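Novice: Take a look at this one; I'll ask things after.
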Amino acid sequence: MDLPGSILIVRLGAIGDIVFASALIPVLRQAFPDARLVWLADEANKDLLIHNPRLDRVATWPRARWARLRKEGHYGILLKEFRALVRNLREERFDWVLDLQGLMKSGVWAALAGGKTRIGLGSREGSQFLMTKRIDRRTESNTIGSEYLKLAVELGLDTEAFAMDFVPGDEAETEAGTILETLGIRGPYAAIFPFTTRPQKHWIDGNWSALADEISARYGWPVVMLGGPGDTERAEGIRNRCRSDLKNLAGKTGLAVSGALIRRSALGIGVDTGLTHMSIALGRPTLALFGSTAPYLETGRSDAVVLYEALPCSPCERRPTCDGAFTCMARLTVEKTLAAIDGILNRA
C-alpha cells in the first residue's frame with residue numbers, strides 16, 4: 001500500500017476498547033509523522049481522545065442526539081446533521097481508513113468516509129464487504145491490546161512505540177486537583193472501579209466495602225470510588241456498608257476528570273471496565289478482577305496484575321450458566337485481593 005498522507009481511525013466505543021486501541025496512535029504517528037491522523041468516536045467517548053496531542057482531530061458521531069431527533073420525529077434536522085458529518089469526513093480525503101470495531105455500524109462509517117483503502121479488523125455483520133482489506137483479529141496472545149498490536153504488525157509498522165495513549169487534559173487535571181482538595185486528600189489514595197455494564201462482570205458489593213475498609217486500615221489511605229451516572233444507587237449501597245470514610249464520586253466526574261483522578265492515585269482496583277484499563281494505560285499500580293471475561297491476562301508490567309481463577313465454564317462472556325451465582329467472581333475473596341495488592345505495592 002502507498003504511504004498514507006491522511007488516516008482515519010474508526011472506533012466508536014466502548015471506553016475500554018478505545019483505551020486499548022489508543023496504543024495505535026503513537027505507532028501511526030511514529031510511522032507517518034507528517035500524516036493527518038483523525039479518530040471517529042461516539043460523542044459520549046470524545047473525552048478519551050480530544051486532548052491527545054498526537055491526534056490532529058477527533059470527529060464525533062452524536063449517536064444519542066440523533067436517536068432523540070429520530071424519536072421526536074425531527075427527520076429534517078437529523079438528515080441535515082448526517083449529511084454534514086459525512087461531508088466533513090469526506091473533505092479529509094483519507095488514504096487509509098482503519099475500522100477497529102469491525103461491526104456494521106463502524107463499517108458503514110468507514111465506507112461513508114470515502115477512504116481509498118479501508119482496512120477492517122475482524123470485520124463481521126456484513127461490514128467485511130465494505131472493506132478493501134480484512135485482518136483477522138484473533139490472536140494467541142493474552143497480552144493487553146494484542147489484537148491492535150497484531151494489526152500494527154500486519155500493516156508492517158514498527159511497534160516499538162506501541163503503548164496505550166490516554167491524555168486527560170489540563171482542564172481535567174485542574175478539576176481533579178480541586179476535587180481532591182475539597183475531599184481533604186493531600187497524600188496517597190486508592191481508587192476503586194466496581195461498576196460495568198454486565199452483572200456477571202461485577203464483584204460482590206459487600207466485598208468492595210470490606211476492601212475499602214481494609215485498605216484504609218492497612219495503608220492509612222483514603223479510598224475514592226469512581227463510576228458513571230447509572231452507578232449511583234449501587235455506589236451508595238457500597239458506601240453505606242463501609243466503616244471507613246469511602247469517598248463516593250460515582251456519577252460526579254466525566255471520563256477526563258476520572259482519568260486525571262486515576263493518574264494521581266497510588267493504586268487502582270477494578271473489574272473488567274474502562275476505568276480499570278485506563279488505570280493501566282496511565283501507568284498506575286493496578287489490580288484487575290476478572291471472571292466471566294478475561295480480555296487479557298498479561299499487562300506488560302509487574303505492578304499491574306490480573307486476578308483471575310478460571311473455572312471449566314470460564315470465560316462465559318455473555319452466556320453465564322451459573323444461574324446468577326457468578327462463582328468465578330465470588331472465588332476472588334477479599335483476602336486474595338489484599339494479598340495481590342500487597343504484592344503489587346511491594347513491586348511498585
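Letters for chains follow the order of the C-alpha cells (A, B, ...), residue numbers begin at 1 for each chain, and ligand numbers begin at 1 in the order shown.
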Write out, as a Markdown table, each residue of range 227-320 of chain A that has an atom at most 8 Å from range 168-175 of chain A, together with the closest pair of atoms and their distance in Å to one decimal, counting only C-alpha atoms, rows going by chain and rising number.
Specialist:
| residue | atom | partner | partner_atom | distance |
| --- | --- | --- | --- | --- |
| A:Ala256 | CA | A:Pro168 | CA | 4.7 |
| A:Val257 | CA | A:Ala172 | CA | 4.6 |
| A:Gly259 | CA | A:Pro168 | CA | 5.7 |
| A:Ala260 | CA | A:Glu173 | CA | 5.2 |
| A:Leu261 | CA | A:Glu173 | CA | 7.6 |
Novice: Counting only C-alpha atoms, which residues of range 148-230 of chain A sit at most 12 Å from some atom of range 117-128 of chain A, and what is each one's closest atom pair with its distance in Å to one decimal, listed by chain and rising residue number, as JSON lines?
Specialist:
{"residue": "A:Tyr148", "atom": "CA", "partner": "A:Leu121", "partner_atom": "CA", "distance": 8.4}
{"residue": "A:Leu149", "atom": "CA", "partner": "A:Leu121", "partner_atom": "CA", "distance": 11.2}
{"residue": "A:Lys150", "atom": "CA", "partner": "A:Leu121", "partner_atom": "CA", "distance": 9.6}
{"residue": "A:Leu151", "atom": "CA", "partner": "A:Leu121", "partner_atom": "CA", "distance": 7.2}
{"residue": "A:Ala152", "atom": "CA", "partner": "A:Leu121", "partner_atom": "CA", "distance": 10.7}
{"residue": "A:Glu154", "atom": "CA", "partner": "A:Leu121", "partner_atom": "CA", "distance": 10.5}
{"residue": "A:Leu155", "atom": "CA", "partner": "A:Ile119", "partner_atom": "CA", "distance": 9.6}
Novice: Let me see the file: selected residues, all heavy atoms, as a tab-separated table (two decimals), in the first residue's frame.
Specialist:
chain	number	residue	atom	x	y	z
A	148	TYR	N	-4.78	-5.15	18.54
A	148	TYR	CA	-4.34	-3.92	17.89
A	148	TYR	C	-2.85	-3.98	17.58
A	148	TYR	O	-2.40	-3.43	16.56
A	148	TYR	CB	-4.68	-2.72	18.77
A	148	TYR	CG	-6.15	-2.68	19.09
A	148	TYR	CD1	-6.63	-2.95	20.37
A	148	TYR	CD2	-7.08	-2.41	18.08
A	148	TYR	CE1	-7.99	-2.94	20.63
A	148	TYR	CE2	-8.44	-2.40	18.34
A	148	TYR	CZ	-8.89	-2.67	19.63
A	148	TYR	OH	-10.23	-2.68	19.87
A	149	LEU	N	-2.10	-4.67	18.42
A	149	LEU	CA	-0.69	-4.91	18.12
A	149	LEU	C	-0.56	-5.78	16.87
A	149	LEU	O	0.29	-5.53	16.00
A	149	LEU	CB	-0.01	-5.60	19.31
A	149	LEU	CG	1.46	-5.96	19.14
A	149	LEU	CD1	2.30	-4.71	18.88
A	149	LEU	CD2	1.97	-6.70	20.37
A	150	LYS	N	-1.43	-6.78	16.75
A	150	LYS	CA	-1.43	-7.63	15.57
A	150	LYS	C	-1.71	-6.81	14.31
A	150	LYS	O	-1.06	-7.00	13.27
A	150	LYS	CB	-2.47	-8.74	15.71
A	150	LYS	CG	-2.56	-9.66	14.49
A	150	LYS	CD	-3.62	-10.72	14.67
A	150	LYS	CE	-3.70	-11.61	13.43
A	150	LYS	NZ	-4.74	-12.67	13.58
A	151	LEU	N	-2.65	-5.90	14.38
A	151	LEU	CA	-2.96	-5.05	13.25
A	151	LEU	C	-1.74	-4.24	12.83
A	151	LEU	O	-1.42	-4.14	11.63
A	151	LEU	CB	-4.12	-4.12	13.58
A	151	LEU	CG	-4.46	-3.06	12.54
A	151	LEU	CD1	-4.92	-3.69	11.24
A	151	LEU	CD2	-5.51	-2.08	13.06
A	152	ALA	N	-1.04	-3.66	13.81
A	152	ALA	CA	0.14	-2.87	13.51
A	152	ALA	C	1.20	-3.72	12.80
A	152	ALA	O	1.82	-3.27	11.83
A	152	ALA	CB	0.72	-2.27	14.79
A	154	GLU	N	0.63	-6.47	11.04
A	154	GLU	CA	0.11	-6.81	9.70
A	154	GLU	C	0.27	-5.65	8.73
A	154	GLU	O	0.44	-5.85	7.52
A	154	GLU	CB	-1.36	-7.20	9.79
A	154	GLU	CG	-1.62	-8.52	10.52
A	154	GLU	CD	-1.35	-9.73	9.64
A	154	GLU	OE1	-1.25	-9.57	8.41
A	154	GLU	OE2	-1.24	-10.84	10.20
A	155	LEU	N	0.25	-4.42	9.25
A	155	LEU	CA	0.42	-3.25	8.40
A	155	LEU	C	1.89	-2.94	8.15
A	155	LEU	O	2.21	-1.97	7.44
A	155	LEU	CB	-0.27	-2.04	9.03
A	155	LEU	CG	-1.80	-2.09	9.11
A	155	LEU	CD1	-2.33	-0.87	9.86
A	155	LEU	CD2	-2.41	-2.16	7.72
Novice: Per DSSP on the backbone, filter range 15-249 of chain A down to the residues in strand (DSSP E or B) and report them as a VMD selection string.
Specialist: chain A and resid 36 to 42 57 to 61 96 to 99 117 to 121 133 to 135 143 190 to 193 223 to 225 247 to 248
Novice: For the contact check between range 156-266 of chain A and range 1-18 of chain A, emit one row per residue of range 156-266 of chain A within 12 Å, containing the shortest atom pair and the distance in Å rounded to one decimal, counting only C-alpha atoms, chain then rising number order, as a tab-separated table.
Specialist:
residue	atom	partner	partner_atom	distance
A:Gly156	CA	A:Met1	CA	10.2
A:Leu157	CA	A:Leu3	CA	11.3
A:Met164	CA	A:Ile18	CA	9.3
A:Asp165	CA	A:Ile18	CA	9.8
A:Phe166	CA	A:Ile18	CA	9.3
A:Thr196	CA	A:Gly16	CA	10.5
A:Thr197	CA	A:Ala14	CA	10.5
A:Gly228	CA	A:Ile15	CA	11.7
A:Gly254	CA	A:Ile15	CA	11.9
A:Leu255	CA	A:Ile15	CA	8.9
A:Ala256	CA	A:Ile15	CA	11.4
A:Gly259	CA	A:Ile15	CA	11.6
Novice: Using only C-alpha atoms for the distances, tell me which of A:Ala191, A:Cys316, A:Leu49, A:Ala64 is nearest to Arg263 in chain A.
Specialist: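 Checking each candidate against Arg263 in chain A, we get A:Ala191 as the closest.
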Novice: Which residue is closest to Lys247 in chain A? Choose from A:Cys322, A:Met225, A:Val86, A:Ala266 and count only C-alpha atoms.
Specialist: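 The closest residue to Lys247 in chain A is A:Met225.
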Novice: Skipping near chain neighbours, those fewer than 5 positions away, what residues fall within 9 Å of Val58 in chain A using only C-alpha atoms, listed as an NGL selection string?
Specialist: :A and (37-41 or 46 or 49-50)
Novice: When distances are computed from only C-alpha atoms, which of A:Arg331, A:Arg87, A:Arg137, A:Lys71 shows the smallest separation from Gly291 in chain A?
Specialist: A:Arg331
Novice: What's the 10 Å shell around Ala330 in chain A, counting only C-alpha atoms, without same-chain residues fewer than 3 positions away, as a PDB file with all heavy atoms, in the first residue's frame?
Specialist:
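Final file, selection_28.pdb:
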ATOM      1  N   HIS A 202     -19.389  -8.161  37.590  1.00  0.00           N
ATOM      2  CA  HIS A 202     -19.295  -7.451  38.865  1.00  0.00           C
ATOM      3  C   HIS A 202     -18.692  -8.323  39.963  1.00  0.00           C
ATOM      4  O   HIS A 202     -18.898  -9.538  39.990  1.00  0.00           O
ATOM      5  CB  HIS A 202     -20.683  -6.980  39.316  1.00  0.00           C
ATOM      6  CG  HIS A 202     -21.212  -5.839  38.527  1.00  0.00           C
ATOM      7  ND1 HIS A 202     -22.560  -5.647  38.297  1.00  0.00           N
ATOM      8  CD2 HIS A 202     -20.596  -4.811  37.888  1.00  0.00           C
ATOM      9  CE1 HIS A 202     -22.745  -4.558  37.567  1.00  0.00           C
ATOM     10  NE2 HIS A 202     -21.567  -4.038  37.313  1.00  0.00           N
ATOM     11  N   TRP A 203     -17.993  -7.682  40.879  1.00  0.00           N
ATOM     12  CA  TRP A 203     -17.575  -8.317  42.123  1.00  0.00           C
ATOM     13  C   TRP A 203     -18.686  -8.073  43.142  1.00  0.00           C
ATOM     14  O   TRP A 203     -19.590  -7.248  42.921  1.00  0.00           O
ATOM     15  CB  TRP A 203     -16.267  -7.688  42.586  1.00  0.00           C
ATOM     16  CG  TRP A 203     -15.448  -8.507  43.544  1.00  0.00           C
ATOM     17  CD1 TRP A 203     -15.320  -9.864  43.568  1.00  0.00           C
ATOM     18  CD2 TRP A 203     -14.612  -7.997  44.587  1.00  0.00           C
ATOM     19  NE1 TRP A 203     -14.455 -10.240  44.560  1.00  0.00           N
ATOM     20  CE2 TRP A 203     -14.008  -9.107  45.212  1.00  0.00           C
ATOM     21  CE3 TRP A 203     -14.309  -6.726  45.057  1.00  0.00           C
ATOM     22  CZ2 TRP A 203     -13.122  -8.986  46.280  1.00  0.00           C
ATOM     23  CZ3 TRP A 203     -13.428  -6.596  46.115  1.00  0.00           C
ATOM     24  CH2 TRP A 203     -12.843  -7.721  46.718  1.00  0.00           C
ATOM     25  N   ILE A 204     -18.667  -8.796  44.248  1.00  0.00           N
ATOM     26  CA  ILE A 204     -19.722  -8.678  45.267  1.00  0.00           C
ATOM     27  C   ILE A 204     -19.640  -7.314  45.949  1.00  0.00           C
ATOM     28  O   ILE A 204     -18.561  -6.902  46.402  1.00  0.00           O
ATOM     29  CB  ILE A 204     -19.589  -9.821  46.292  1.00  0.00           C
ATOM     30  CG1 ILE A 204     -19.761 -11.169  45.567  1.00  0.00           C
ATOM     31  CG2 ILE A 204     -20.585  -9.671  47.430  1.00  0.00           C
ATOM     32  CD1 ILE A 204     -19.334 -12.357  46.392  1.00  0.00           C
ATOM     33  N   ASN A 207     -17.998  -7.046  49.257  1.00  0.00           N
ATOM     34  CA  ASN A 207     -16.539  -7.180  49.207  1.00  0.00           C
ATOM     35  C   ASN A 207     -15.859  -5.829  48.961  1.00  0.00           C
ATOM     36  O   ASN A 207     -14.788  -5.558  49.502  1.00  0.00           O
ATOM     37  CB  ASN A 207     -16.138  -8.153  48.101  1.00  0.00           C
ATOM     38  CG  ASN A 207     -16.378  -9.604  48.478  1.00  0.00           C
ATOM     39  OD1 ASN A 207     -16.811  -9.903  49.585  1.00  0.00           O
ATOM     40  ND2 ASN A 207     -16.116 -10.508  47.556  1.00  0.00           N
ATOM     41  N   GLY A 291     -13.511 -12.444  35.707  1.00  0.00           N
ATOM     42  CA  GLY A 291     -14.182 -13.719  35.922  1.00  0.00           C
ATOM     43  C   GLY A 291     -14.867 -14.204  34.662  1.00  0.00           C
ATOM     44  O   GLY A 291     -14.373 -15.065  33.951  1.00  0.00           O
ATOM     45  N   ALA A 325     -25.104 -17.058  40.223  1.00  0.00           N
ATOM     46  CA  ALA A 325     -24.173 -17.224  41.338  1.00  0.00           C
ATOM     47  C   ALA A 325     -22.858 -16.504  41.072  1.00  0.00           C
ATOM     48  O   ALA A 325     -22.186 -16.063  42.010  1.00  0.00           O
ATOM     49  CB  ALA A 325     -23.902 -18.708  41.580  1.00  0.00           C
ATOM     50  N   PHE A 326     -22.473 -16.403  39.801  1.00  0.00           N
ATOM     51  CA  PHE A 326     -21.222 -15.757  39.402  1.00  0.00           C
ATOM     52  C   PHE A 326     -20.055 -16.247  40.260  1.00  0.00           C
ATOM     53  O   PHE A 326     -19.321 -15.476  40.883  1.00  0.00           O
ATOM     54  CB  PHE A 326     -21.354 -14.235  39.464  1.00  0.00           C
ATOM     55  CG  PHE A 326     -22.527 -13.717  38.667  1.00  0.00           C
ATOM     56  CD1 PHE A 326     -23.327 -12.707  39.161  1.00  0.00           C
ATOM     57  CD2 PHE A 326     -22.857 -14.268  37.427  1.00  0.00           C
ATOM     58  CE1 PHE A 326     -24.408 -12.227  38.436  1.00  0.00           C
ATOM     59  CE2 PHE A 326     -23.948 -13.789  36.696  1.00  0.00           C
ATOM     60  CZ  PHE A 326     -24.725 -12.771  37.199  1.00  0.00           C
ATOM     61  N   THR A 327     -19.930 -17.573  40.283  1.00  0.00           N
ATOM     62  CA  THR A 327     -18.952 -18.251  41.138  1.00  0.00           C
ATOM     63  C   THR A 327     -17.536 -17.778  40.874  1.00  0.00           C
ATOM     64  O   THR A 327     -16.723 -17.671  41.806  1.00  0.00           O
ATOM     65  CB  THR A 327     -19.050 -19.769  40.922  1.00  0.00           C
ATOM     66  OG1 THR A 327     -20.420 -20.161  41.014  1.00  0.00           O
ATOM     67  CG2 THR A 327     -18.228 -20.523  41.937  1.00  0.00           C
ATOM     68  N   THR A 333     -11.788 -13.675  46.766  1.00  0.00           N
ATOM     69  CA  THR A 333     -12.140 -13.192  48.092  1.00  0.00           C
ATOM     70  C   THR A 333     -11.390 -11.899  48.421  1.00  0.00           C
ATOM     71  O   THR A 333     -10.414 -11.528  47.763  1.00  0.00           O
ATOM     72  CB  THR A 333     -11.795 -14.246  49.152  1.00  0.00           C
ATOM     73  OG1 THR A 333     -10.370 -14.456  49.140  1.00  0.00           O
ATOM     74  CG2 THR A 333     -12.510 -15.563  48.870  1.00  0.00           C
ATOM     75  N   VAL A 334     -11.847 -11.237  49.473  1.00  0.00           N
ATOM     76  CA  VAL A 334     -11.166 -10.031  49.944  1.00  0.00           C
ATOM     77  C   VAL A 334      -9.735 -10.357  50.341  1.00  0.00           C
ATOM     78  O   VAL A 334      -8.797  -9.589  50.066  1.00  0.00           O
ATOM     79  CB  VAL A 334     -11.946  -9.402  51.118  1.00  0.00           C
ATOM     80  CG1 VAL A 334     -11.165  -8.233  51.717  1.00  0.00           C
ATOM     81  CG2 VAL A 334     -13.325  -8.942  50.673  1.00  0.00           C
TER      82      VAL A 334
END
Novice: Using CA of Gly268 in chain A and CA of Phe193 in chain A as the two end points, give the distance in Å to one decimal.
Specialist: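 According to the coordinates, CA of Gly268 in chain A and CA of Phe193 in chain A are separated by 7.7 Å.
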Novice: Point out the residue among A:Phe290, A:Val27, A:Phe162, A:Ala235 with the least atom-to-atom distance to Ile192 in chain A, counting only C-alpha atoms.
Specialist: A:Ala235
Novice: Skip Glu81 in chain A itself and residues of its chain fewer than 4 positions away, then list as a PDB file with N, CA, C and O atoms, in the first residue's frame all residues within 12 Å of it, counting only C-alpha atoms.
Specialist:
ATOM      1  N   THR A  60     -16.780  13.341  15.846  1.00  0.00           N
ATOM      2  CA  THR A  60     -17.710  12.668  16.749  1.00  0.00           C
ATOM      3  C   THR A  60     -19.032  12.364  16.073  1.00  0.00           C
ATOM      4  O   THR A  60     -19.560  13.162  15.303  1.00  0.00           O
ATOM      5  N   TRP A  61     -19.546  11.186  16.382  1.00  0.00           N
ATOM      6  CA  TRP A  61     -20.864  10.740  15.935  1.00  0.00           C
ATOM      7  C   TRP A  61     -21.838  10.982  17.087  1.00  0.00           C
ATOM      8  O   TRP A  61     -21.754  10.301  18.123  1.00  0.00           O
ATOM      9  N   PRO A  62     -22.750  11.938  16.966  1.00  0.00           N
ATOM     10  CA  PRO A  62     -23.677  12.256  18.066  1.00  0.00           C
ATOM     11  C   PRO A  62     -24.834  11.249  18.119  1.00  0.00           C
ATOM     12  O   PRO A  62     -25.991  11.601  17.896  1.00  0.00           O
ATOM     13  N   ARG A  63     -24.499  10.037  18.434  1.00  0.00           N
ATOM     14  CA  ARG A  63     -25.484   8.955  18.353  1.00  0.00           C
ATOM     15  C   ARG A  63     -26.698   9.210  19.242  1.00  0.00           C
ATOM     16  O   ARG A  63     -27.841   9.019  18.825  1.00  0.00           O
ATOM     17  N   ARG A  65     -27.892  12.026  20.405  1.00  0.00           N
ATOM     18  CA  ARG A  65     -28.690  13.146  19.892  1.00  0.00           C
ATOM     19  C   ARG A  65     -29.506  12.696  18.685  1.00  0.00           C
ATOM     20  O   ARG A  65     -30.702  13.024  18.579  1.00  0.00           O
ATOM     21  N   TRP A  66     -28.906  11.947  17.796  1.00  0.00           N
ATOM     22  CA  TRP A  66     -29.634  11.504  16.605  1.00  0.00           C
ATOM     23  C   TRP A  66     -30.767  10.554  16.963  1.00  0.00           C
ATOM     24  O   TRP A  66     -31.822  10.579  16.334  1.00  0.00           O
ATOM     25  N   LEU A  69     -33.516  12.819  18.124  1.00  0.00           N
ATOM     26  CA  LEU A  69     -34.155  13.502  16.994  1.00  0.00           C
ATOM     27  C   LEU A  69     -35.086  12.555  16.244  1.00  0.00           C
ATOM     28  O   LEU A  69     -36.196  12.939  15.839  1.00  0.00           O
ATOM     29  N   ARG A  70     -34.620  11.321  16.071  1.00  0.00           N
ATOM     30  CA  ARG A  70     -35.454  10.344  15.369  1.00  0.00           C
ATOM     31  C   ARG A  70     -36.721  10.036  16.170  1.00  0.00           C
ATOM     32  O   ARG A  70     -37.828   9.971  15.610  1.00  0.00           O
ATOM     33  N   HIS A  74     -37.867  14.581  14.270  1.00  0.00           N
ATOM     34  CA  HIS A  74     -37.170  15.697  13.630  1.00  0.00           C
ATOM     35  C   HIS A  74     -36.254  15.160  12.518  1.00  0.00           C
ATOM     36  O   HIS A  74     -35.028  15.304  12.561  1.00  0.00           O
ATOM     37  N   TYR A  75     -36.868  14.565  11.534  1.00  0.00           N
ATOM     38  CA  TYR A  75     -36.087  13.881  10.493  1.00  0.00           C
ATOM     39  C   TYR A  75     -35.305  14.865   9.620  1.00  0.00           C
ATOM     40  O   TYR A  75     -34.210  14.543   9.144  1.00  0.00           O
ATOM     41  N   GLY A  76     -35.807  16.050   9.417  1.00  0.00           N
ATOM     42  CA  GLY A  76     -35.112  17.041   8.610  1.00  0.00           C
ATOM     43  C   GLY A  76     -33.797  17.463   9.246  1.00  0.00           C
ATOM     44  O   GLY A  76     -32.755  17.539   8.581  1.00  0.00           O
ATOM     45  N   ILE A  77     -33.858  17.734  10.553  1.00  0.00           N
ATOM     46  CA  ILE A  77     -32.646  18.120  11.280  1.00  0.00           C
ATOM     47  C   ILE A  77     -31.652  16.962  11.286  1.00  0.00           C
ATOM     48  O   ILE A  77     -30.450  17.150  11.073  1.00  0.00           O
ATOM     49  N   LEU A  85     -21.925  15.646   8.686  1.00  0.00           N
ATOM     50  CA  LEU A  85     -20.843  14.822   9.207  1.00  0.00           C
ATOM     51  C   LEU A  85     -20.171  14.023   8.093  1.00  0.00           C
ATOM     52  O   LEU A  85     -18.942  13.934   8.036  1.00  0.00           O
ATOM     53  N   VAL A  86     -20.968  13.460   7.197  1.00  0.00           N
ATOM     54  CA  VAL A  86     -20.392  12.711   6.073  1.00  0.00           C
ATOM     55  C   VAL A  86     -19.527  13.628   5.213  1.00  0.00           C
ATOM     56  O   VAL A  86     -18.396  13.276   4.833  1.00  0.00           O
ATOM     57  N   ARG A  87     -20.042  14.808   4.908  1.00  0.00           N
ATOM     58  CA  ARG A  87     -19.284  15.769   4.094  1.00  0.00           C
ATOM     59  C   ARG A  87     -17.982  16.165   4.803  1.00  0.00           C
ATOM     60  O   ARG A  87     -16.916  16.249   4.183  1.00  0.00           O
ATOM     61  N   ASN A  88     -18.082  16.363   6.118  1.00  0.00           N
ATOM     62  CA  ASN A  88     -16.925  16.735   6.923  1.00  0.00           C
ATOM     63  C   ASN A  88     -15.834  15.675   6.856  1.00  0.00           C
ATOM     64  O   ASN A  88     -14.643  15.988   6.746  1.00  0.00           O
TER      65      ASN A  88
END
Novice: Excluding Gly184 in chain A and any residue of its chain fewer than 3 positions from it, enumerate the residues within 12 Å of it, using only C-alpha atoms, and give them as number ranges by chain.
Specialist: A: 177-181, 187-189, 221-224, 245, 247
Novice: Taking 2 positions as the minimum chain separation for residues in the same chain, which residues sit within 7 Å of range 295-297 of chain A when counting only C-alpha atoms? Answer as an NGL selection string.
Specialist: :A and (142-144 or 293 or 299 or 306)
Novice: How would the residues just chosen look if you wrote them out with all heavy atoms as a PDB file, in the first residue's frame?
Specialist:
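Written file, out30.pdb:
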ATOM      1  N   ASN A 142      -2.268 -13.334  25.107  1.00  0.00           N
ATOM      2  CA  ASN A 142      -3.191 -12.875  26.158  1.00  0.00           C
ATOM      3  C   ASN A 142      -2.695 -11.560  26.774  1.00  0.00           C
ATOM      4  O   ASN A 142      -3.019 -11.236  27.903  1.00  0.00           O
ATOM      5  CB  ASN A 142      -3.372 -13.947  27.232  1.00  0.00           C
ATOM      6  CG  ASN A 142      -2.072 -14.312  27.936  1.00  0.00           C
ATOM      7  OD1 ASN A 142      -1.025 -13.691  27.709  1.00  0.00           O
ATOM      8  ND2 ASN A 142      -2.125 -15.304  28.805  1.00  0.00           N
ATOM      9  N   THR A 143      -1.930 -10.803  25.986  1.00  0.00           N
ATOM     10  CA  THR A 143      -1.414  -9.517  26.424  1.00  0.00           C
ATOM     11  C   THR A 143      -2.428  -8.416  26.124  1.00  0.00           C
ATOM     12  O   THR A 143      -3.135  -8.464  25.118  1.00  0.00           O
ATOM     13  CB  THR A 143      -0.081  -9.203  25.723  1.00  0.00           C
ATOM     14  OG1 THR A 143       0.839 -10.261  25.994  1.00  0.00           O
ATOM     15  CG2 THR A 143       0.509  -7.888  26.211  1.00  0.00           C
ATOM     16  N   ILE A 144      -2.490  -7.427  26.956  1.00  0.00           N
ATOM     17  CA  ILE A 144      -3.422  -6.321  26.786  1.00  0.00           C
ATOM     18  C   ILE A 144      -3.231  -5.660  25.415  1.00  0.00           C
ATOM     19  O   ILE A 144      -2.103  -5.398  24.986  1.00  0.00           O
ATOM     20  CB  ILE A 144      -3.243  -5.292  27.934  1.00  0.00           C
ATOM     21  CG1 ILE A 144      -4.376  -4.265  27.926  1.00  0.00           C
ATOM     22  CG2 ILE A 144      -1.882  -4.650  27.919  1.00  0.00           C
ATOM     23  CD1 ILE A 144      -4.409  -3.404  29.183  1.00  0.00           C
ATOM     24  N   THR A 293     -15.267 -12.620  32.009  1.00  0.00           N
ATOM     25  CA  THR A 293     -14.477 -12.151  30.873  1.00  0.00           C
ATOM     26  C   THR A 293     -13.020 -12.068  31.299  1.00  0.00           C
ATOM     27  O   THR A 293     -12.716 -11.858  32.473  1.00  0.00           O
ATOM     28  CB  THR A 293     -14.931 -10.756  30.408  1.00  0.00           C
ATOM     29  OG1 THR A 293     -14.833  -9.844  31.514  1.00  0.00           O
ATOM     30  CG2 THR A 293     -16.364 -10.776  29.899  1.00  0.00           C
ATOM     31  N   THR A 299      -0.352  -7.773  31.464  1.00  0.00           N
ATOM     32  CA  THR A 299      -0.431  -6.325  31.283  1.00  0.00           C
ATOM     33  C   THR A 299       0.876  -5.729  30.781  1.00  0.00           C
ATOM     34  O   THR A 299       0.899  -4.559  30.395  1.00  0.00           O
ATOM     35  CB  THR A 299      -0.785  -5.644  32.615  1.00  0.00           C
ATOM     36  OG1 THR A 299       0.315  -5.831  33.533  1.00  0.00           O
ATOM     37  CG2 THR A 299      -2.052  -6.227  33.209  1.00  0.00           C
ATOM     38  N   VAL A 306      -3.584  -9.085  36.951  1.00  0.00           N
ATOM     39  CA  VAL A 306      -4.934  -9.606  36.778  1.00  0.00           C
ATOM     40  C   VAL A 306      -5.156 -10.743  37.768  1.00  0.00           C
ATOM     41  O   VAL A 306      -4.365 -11.681  37.826  1.00  0.00           O
ATOM     42  CB  VAL A 306      -5.146 -10.112  35.336  1.00  0.00           C
ATOM     43  CG1 VAL A 306      -6.511 -10.785  35.205  1.00  0.00           C
ATOM     44  CG2 VAL A 306      -5.021  -8.968  34.346  1.00  0.00           C
TER      45      VAL A 306
END
Novice: Could you tell me how far CA of Tyr308 in chain A sits from CA of Ser209 in chain A, in Å to one decimal place?
Specialist: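 A separation of 20.2 Å between them.
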